[in-house]
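Let me begin by presenting the structure, written as structure tokens, before commenting on it.
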Amino acid sequence: MKNILLAGGAGYIGSHTAVELLKSGYGVVIVDNLSNSYHTVIDRIEKISSKTVKFYEMDTRSADLENIFKENDIDAVVDFAAYKAVGDSVANPLKYYDNNLLSLINMLSIMAKYGVHNFVFSSSATVYGDLDIEDLPAKEDHRLSTTNPYGTTKLMGEKIIKDAWFANRDLNAIVLRYFNPIGAHESGMIGEDCTGIPANIMPYLTKVAVGELPHINVFGNDYRTKDGTGVRDYIHVVDLAKGHIKAIEKLFKDQVGVDYYNLGTGRGYSVMELIESFSKACGREIPYKIGPRRDGDIDMTYADSSKAERELGWSAEYDIDRMCQDSWRWQKNNPRGYEE
Ligand code: NAD
Ligand code: WQD
């Protein structure tokens with residue numbers, strides 16, 4: 001059995017990836033400092049999959065990370081460990097550079113020391129920066145730029161991986177650029193746990209649906225889109241999780257050096273369309289107010305994921321209604337998230 005180390009594997013995308021890996025017969029080791037997750041997640045992964053997970057509560061910047069490689073036979077690493085809040089990164093840039101980059105550097109160094117070469121990195125569509133409508137759908141070879149420190153950590157992370165490969169051609173890495181992950185596992189047992197006022201649209205909608213927040217503020221309706229509201233490529237987190245398995249399988253099969261793949265559905269939905277689909281899913285009209293644009297937002301983005309389809313044999317299966325139904329089930333079953 002091949003063992004996959006998931007750094008940040010107790011988080012939203014990592015936990016869903018753990019479930020899919022276990023389902024596919026892989027062994028899963030998780031390292032997470034629980035800075036944005038809970039120990040309960042590990043129990044739930046085990047419950048859903050009826051398999052056990054080896055868990056290390058540890059910061060991946062720590063020198064102790066090495067112990068995981070001493071104690072386990074790791075065949076590939078997926079690195080999800082990062083802070084991800086765009087607004088917070090503008091207010092606290094050094095916190096983001098410190099965590100997101102030092103954790104990556106430590107991981108790559110220790111992997112090299114222990115002869116582990118297969119690496120998957122969580123990047124983001126944010127590395128495409130200010131996309132113009134004419135640039136869509138975004139392809140992997142599009143010019144890269146960023147608009148906030150969080151995004152810059154992802155772009156720098158990509159460059160660090162490339163430089164590490166220049167110096168050591170054994171490294172075999174796939175960078176996955178996720179578009180907008182939403183949804184949750186169909187069991188309703190794991191999902192996105194968001195404390196405080198959510199910055200992203202889906203956790204905001206779920207909190208309006210349960211009456212924790214009065215309405216959703218729609219950030220602008222004068223964009224160059226079908227109904228004037230922002231358009232994004234929402235992707236079901238389980239589809240995303242499956243993309244990681246395809247990437248790992250590719251690394252086991254081929255020496256790729258460093259390669260890059262978009263993971264999106266290739267379809268954009270507007271804020272109003274998402275509100276409509278989510279209202280259907282939760283069985284009540286979600287109240288909304290049109291407000292001003294949010295600083296830094298772009299009109300529209302959606303992925304060209306044809307490279308992933310061609311080379312990884314991956315494409316997204318779930319549609320927007322299913323994404324909303326699964327997000328809603330998670331919220332309904334866990335009104336306070338993982339908090340007990
Ligand atoms: P998340 O916050 O739910 O998961 C990240 C996990 O990493 C958390 O469990 C956190 O506790 C852990 N972590 C953070 N720093 C750590 C450290 N130094 N040591 C050990 N553990 C640490 O976020 P997510 O949505 O699952 O995102 C996973 C990855 O995907 C991140 O790298 C994120 O930047 C990237 N990404 C996320 C999105 C999104 O919208 N969710 C989009 C594109 C890319
Ligand atoms: C989606 C749409 C908003 C909230 C972010 C990060 C990106 C990536 C994914 C990590 C936009 C609108 C939102 C609200 C709204 N993360 N909106 N009211 O900004 O596309 O991407 O998450 O890598 O880096 O920037 O996602 O969910 O915040 O916004 O109208 O209360 O919903 O304007 O059009 P975004 P989002």
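As shown in the structure tokens, the chain order sets the letters A, B, ...; within each chain, residues go from 1, and ligands are also counted from 1 in the order they appear.
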
>> Which residues are near ligand 1 in this structure, taking near to mean any atom at most 8 Å from a ligand atom and counting only C-alpha atoms and all ligand atoms? Format them as a ChimeraX atom specification.
In response: /A:7-15,31-38,57-61,79-84,99-100,102-103,121-126,150,154,177-182,192-193,200

Please produce a file of the residues just selected, as a short mmCIF file (atom, residue, chain, number, x, y, z; two decimals), in the first residue's frame, where the atoms kept are C-alpha atoms.
data_model
loop_
_atom_site.label_atom_id
_atom_site.label_comp_id
_atom_site.auth_asym_id
_atom_site.auth_seq_id
_atom_site.Cartn_x
_atom_site.Cartn_y
_atom_site.Cartn_z
CA ALA A 7 0.11 18.41 5.27
CA GLY A 8 -2.87 20.47 6.39
CA GLY A 9 -4.96 17.35 5.88
CA ALA A 10 -7.43 18.20 8.66
CA GLY A 11 -8.59 21.26 6.71
CA TYR A 12 -11.46 21.66 4.26
CA ILE A 13 -9.87 20.35 1.07
CA GLY A 14 -7.39 18.06 2.85
CA SER A 15 -10.09 16.17 4.77
CA VAL A 31 0.11 16.42 9.77
CA ASP A 32 -1.77 19.53 10.86
CA ASN A 33 -1.25 22.09 13.60
CA LEU A 34 -5.04 22.55 13.86
CA SER A 35 -4.66 26.30 13.44
CA ASN A 36 -7.75 26.25 11.23
CA SER A 37 -9.24 22.84 11.96
CA TYR A 38 -10.20 20.43 14.73
CA GLU A 57 -0.51 17.42 15.52
CA MET A 58 2.47 19.48 14.45
CA ASP A 59 3.43 22.68 12.68
CA THR A 60 5.03 21.85 9.33
CA ARG A 61 7.58 24.63 9.92
CA ASP A 79 0.87 20.15 0.85
CA PHE A 80 -2.35 21.96 1.79
CA ALA A 81 -0.87 23.64 4.88
CA ALA A 82 -1.32 27.39 4.54
CA TYR A 83 -3.28 30.38 5.73
CA LYS A 84 -5.79 31.40 3.08
CA ASN A 99 3.58 30.32 7.42
CA ASN A 100 2.92 29.63 3.77
CA LEU A 102 8.52 28.45 5.56
CA SER A 103 6.21 25.44 5.80
CA PHE A 121 1.09 21.62 -4.09
CA SER A 122 -2.16 23.50 -3.43
CA SER A 123 -2.03 26.59 -5.54
CA SER A 124 -4.88 28.80 -6.59
CA ALA A 125 -6.50 30.59 -9.50
CA THR A 126 -5.45 33.69 -7.58
CA TYR A 150 -1.91 35.56 0.13
CA LYS A 154 1.06 30.95 -3.76
CA ARG A 177 -4.50 25.67 -9.25
CA TYR A 178 -7.93 25.42 -7.68
CA PHE A 179 -10.75 27.70 -8.73
CA ASN A 180 -13.55 28.26 -6.14
CA PRO A 181 -14.09 25.14 -4.02
CA ILE A 182 -17.51 24.77 -2.38
CA GLU A 192 -15.92 23.92 5.40
CA ASP A 193 -15.86 25.14 8.98
CA ASN A 200 -16.23 33.82 1.00
#

Per residue of chain A within 9 Å of ligand 2, record the nearest atom pair and its distance in Å to one decimal, counting only C-alpha atoms and all ligand atoms, with rows in chain order and ascending residue number, as a tab-separated table.
residue	atom	partner	partner_atom_place_in_ligand_line	distance
A:Lys84	CA	ligand 2	10 (C)	5.7
A:Ala85	CA	ligand 2	10 (C)	7.3
A:Val86	CA	ligand 2	25 (O)	5.9
A:Gly87	CA	ligand 2	25 (O)	8.7
A:Ser122	CA	ligand 2	23 (O)	8.6
A:Ser123	CA	ligand 2	23 (O)	6.8
A:Ser124	CA	ligand 2	23 (O)	4.5
A:Ala125	CA	ligand 2	24 (O)	6.5
A:Thr126	CA	ligand 2	24 (O)	4.5
A:Val127	CA	ligand 2	24 (O)	8.0
A:Asn148	CA	ligand 2	25 (O)	8.8
A:Tyr150	CA	ligand 2	24 (O)	7.4
A:Gly151	CA	ligand 2	24 (O)	6.3
A:Lys154	CA	ligand 2	23 (O)	8.0
A:Arg177	CA	ligand 2	23 (O)	8.3
A:Tyr178	CA	ligand 2	23 (O)	7.1
A:Phe179	CA	ligand 2	9 (C)	6.3
A:Asn180	CA	ligand 2	9 (C)	4.8
A:Pro181	CA	ligand 2	9 (C)	7.0
A:Ile182	CA	ligand 2	27 (O)	8.7
A:Pro198	CA	ligand 2	31 (O)	7.3
A:Ala199	CA	ligand 2	28 (O)	5.5
A:Asn200	CA	ligand 2	27 (O)	3.4
A:Ile201	CA	ligand 2	4 (C)	3.8
A:Met202	CA	ligand 2	27 (O)	6.3
A:Pro203	CA	ligand 2	27 (O)	8.2
A:Tyr204	CA	ligand 2	31 (O)	5.9
A:Leu205	CA	ligand 2	31 (O)	7.8
A:Ile216	CA	ligand 2	31 (O)	5.8
A:Asn217	CA	ligand 2	18 (N)	5.0
A:Val218	CA	ligand 2	30 (O)	3.5
A:Phe219	CA	ligand 2	30 (O)	3.9
A:Gly220	CA	ligand 2	30 (O)	6.9
A:Asn221	CA	ligand 2	30 (O)	8.9
A:Thr229	CA	ligand 2	34 (O)	6.5
A:Gly230	CA	ligand 2	34 (O)	3.6
A:Val231	CA	ligand 2	34 (O)	5.6
A:Arg232	CA	ligand 2	20 (O)	6.0
A:Asp233	CA	ligand 2	20 (O)	8.2
A:Tyr234	CA	ligand 2	1 (C)	8.6
A:Ser270	CA	ligand 2	34 (O)	7.1
A:Val271	CA	ligand 2	32 (O)	5.5
A:Met272	CA	ligand 2	30 (O)	8.5
A:Leu274	CA	ligand 2	32 (O)	8.8
A:Ile290	CA	ligand 2	30 (O)	8.2
A:Gly291	CA	ligand 2	30 (O)	8.3
A:Arg293	CA	ligand 2	33 (O)	6.8
A:Arg294	CA	ligand 2	33 (O)	6.0
A:Asp295	CA	ligand 2	33 (O)	8.8
A:Gly296	CA	ligand 2	19 (O)	8.3
A:Asp297	CA	ligand 2	33 (O)	5.9
A:Ile298	CA	ligand 2	34 (O)	7.2
A:Asp299	CA	ligand 2	34 (O)	7.1
A:Met300	CA	ligand 2	34 (O)	7.4
A:Thr301	CA	ligand 2	20 (O)	8.0

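Comparing A:Pro292, A:Lys162, A:Phe69, A:Leu312 by their smallest distance to Lys113 in chain A, the closest is A:Phe69 (using only C-alpha atoms).
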
Within 6 Å of Gly188 in chain A, counting only C-alpha atoms, which residues show up once you throw out same-chain ones fewer than 2 positions away? Write them as a CSV table (one decimal) with C-alpha atoms, in the first residue's frame, please.
chain,number,residue,atom,x,y,z
A,185,HIS,CA,-18.9,15.3,1.5
A,186,GLU,CA,-22.3,13.8,0.8
A,190,ILE,CA,-17.1,17.0,6.9
A,329,ARG,CA,-26.5,19.4,4.3
A,330,TRP,CA,-23.1,20.0,6.0

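With CA of Val116 in chain A on one side and CA of Leu144 in chain A on the other, the separation reads 28.6 Å.
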
>> Under the rule that only C-alpha atoms are counted, which of A:Met189, A:Ala241, A:Leu263, A:Val90 is the nearest residue to Tyr302 in chain A?
In response: A:Leu263

Would you write out, as a tab-separated table, a table of all residues in range 147-187 of chain A that have an atom no more than 10 Å from an atom of range 251-254 of chain A, listing for each the closest atom pair and the distance in Å to one decimal, considering only C-alpha atoms and ordering rows by chain and rising residue number?
residue	atom	partner	partner_atom	distance
A:Asn172	CA	A:Leu251	CA	6.5
A:Ala173	CA	A:Leu251	CA	7.3
A:Ile174	CA	A:Leu251	CA	7.7

Write to file, as a PDB file, in the first residue's frame, the residues of the selection just made, with C-alpha atoms.
ATOM      1  CA  ASN A 172       8.519  15.281  -9.241  1.00  0.00           C
ATOM      2  CA  ALA A 173       5.882  17.910  -8.567  1.00  0.00           C
ATOM      3  CA  ILE A 174       2.390  18.854  -9.660  1.00  0.00           C
TER       4      ILE A 174
END

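Each of A:Pro149, A:Thr225, A:Ser109, A:Glu339 was checked against His39 in chain A using only C-alpha atoms; the smallest atom-to-atom distance is that of A:Glu339.
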
> Contacts of Ala209 in chain A at 8 Å or less, counting only C-alpha atoms, minus same-chain residues fewer than 5 places along, as a PyMOL selection string?
Replying inline: chain A and resi 282+284+286

Just to be explicit: take each residue in the selection above, keep all heavy atoms, and write the result as a short mmCIF file (atom, residue, chain, number, x, y, z; two decimals), in the first residue's frame.
data_model
loop_
_atom_site.label_atom_id
_atom_site.label_comp_id
_atom_site.auth_asym_id
_atom_site.auth_seq_id
_atom_site.Cartn_x
_atom_site.Cartn_y
_atom_site.Cartn_z
N CYS A 282 -31.83 24.88 -0.04
CA CYS A 282 -32.19 24.95 1.38
C CYS A 282 -33.69 25.19 1.59
O CYS A 282 -34.17 25.22 2.72
CB CYS A 282 -31.35 26.00 2.12
SG CYS A 282 -31.78 27.68 1.73
N ARG A 284 -35.56 27.81 1.06
CA ARG A 284 -36.07 29.14 1.39
C ARG A 284 -35.32 30.20 0.60
O ARG A 284 -34.17 29.99 0.21
CB ARG A 284 -35.95 29.42 2.90
CG ARG A 284 -34.55 29.33 3.44
CD ARG A 284 -34.46 29.81 4.88
NE ARG A 284 -34.63 31.27 4.95
CZ ARG A 284 -33.98 32.03 5.84
NH1 ARG A 284 -33.16 31.51 6.71
NH2 ARG A 284 -34.18 33.33 5.85
N ILE A 286 -33.11 33.09 -0.07
CA ILE A 286 -32.03 33.74 0.68
C ILE A 286 -32.14 35.26 0.45
O ILE A 286 -32.04 35.72 -0.69
CB ILE A 286 -30.65 33.24 0.19
CG1 ILE A 286 -30.49 31.74 0.46
CG2 ILE A 286 -29.51 34.03 0.82
CD1 ILE A 286 -30.40 31.35 1.91
#
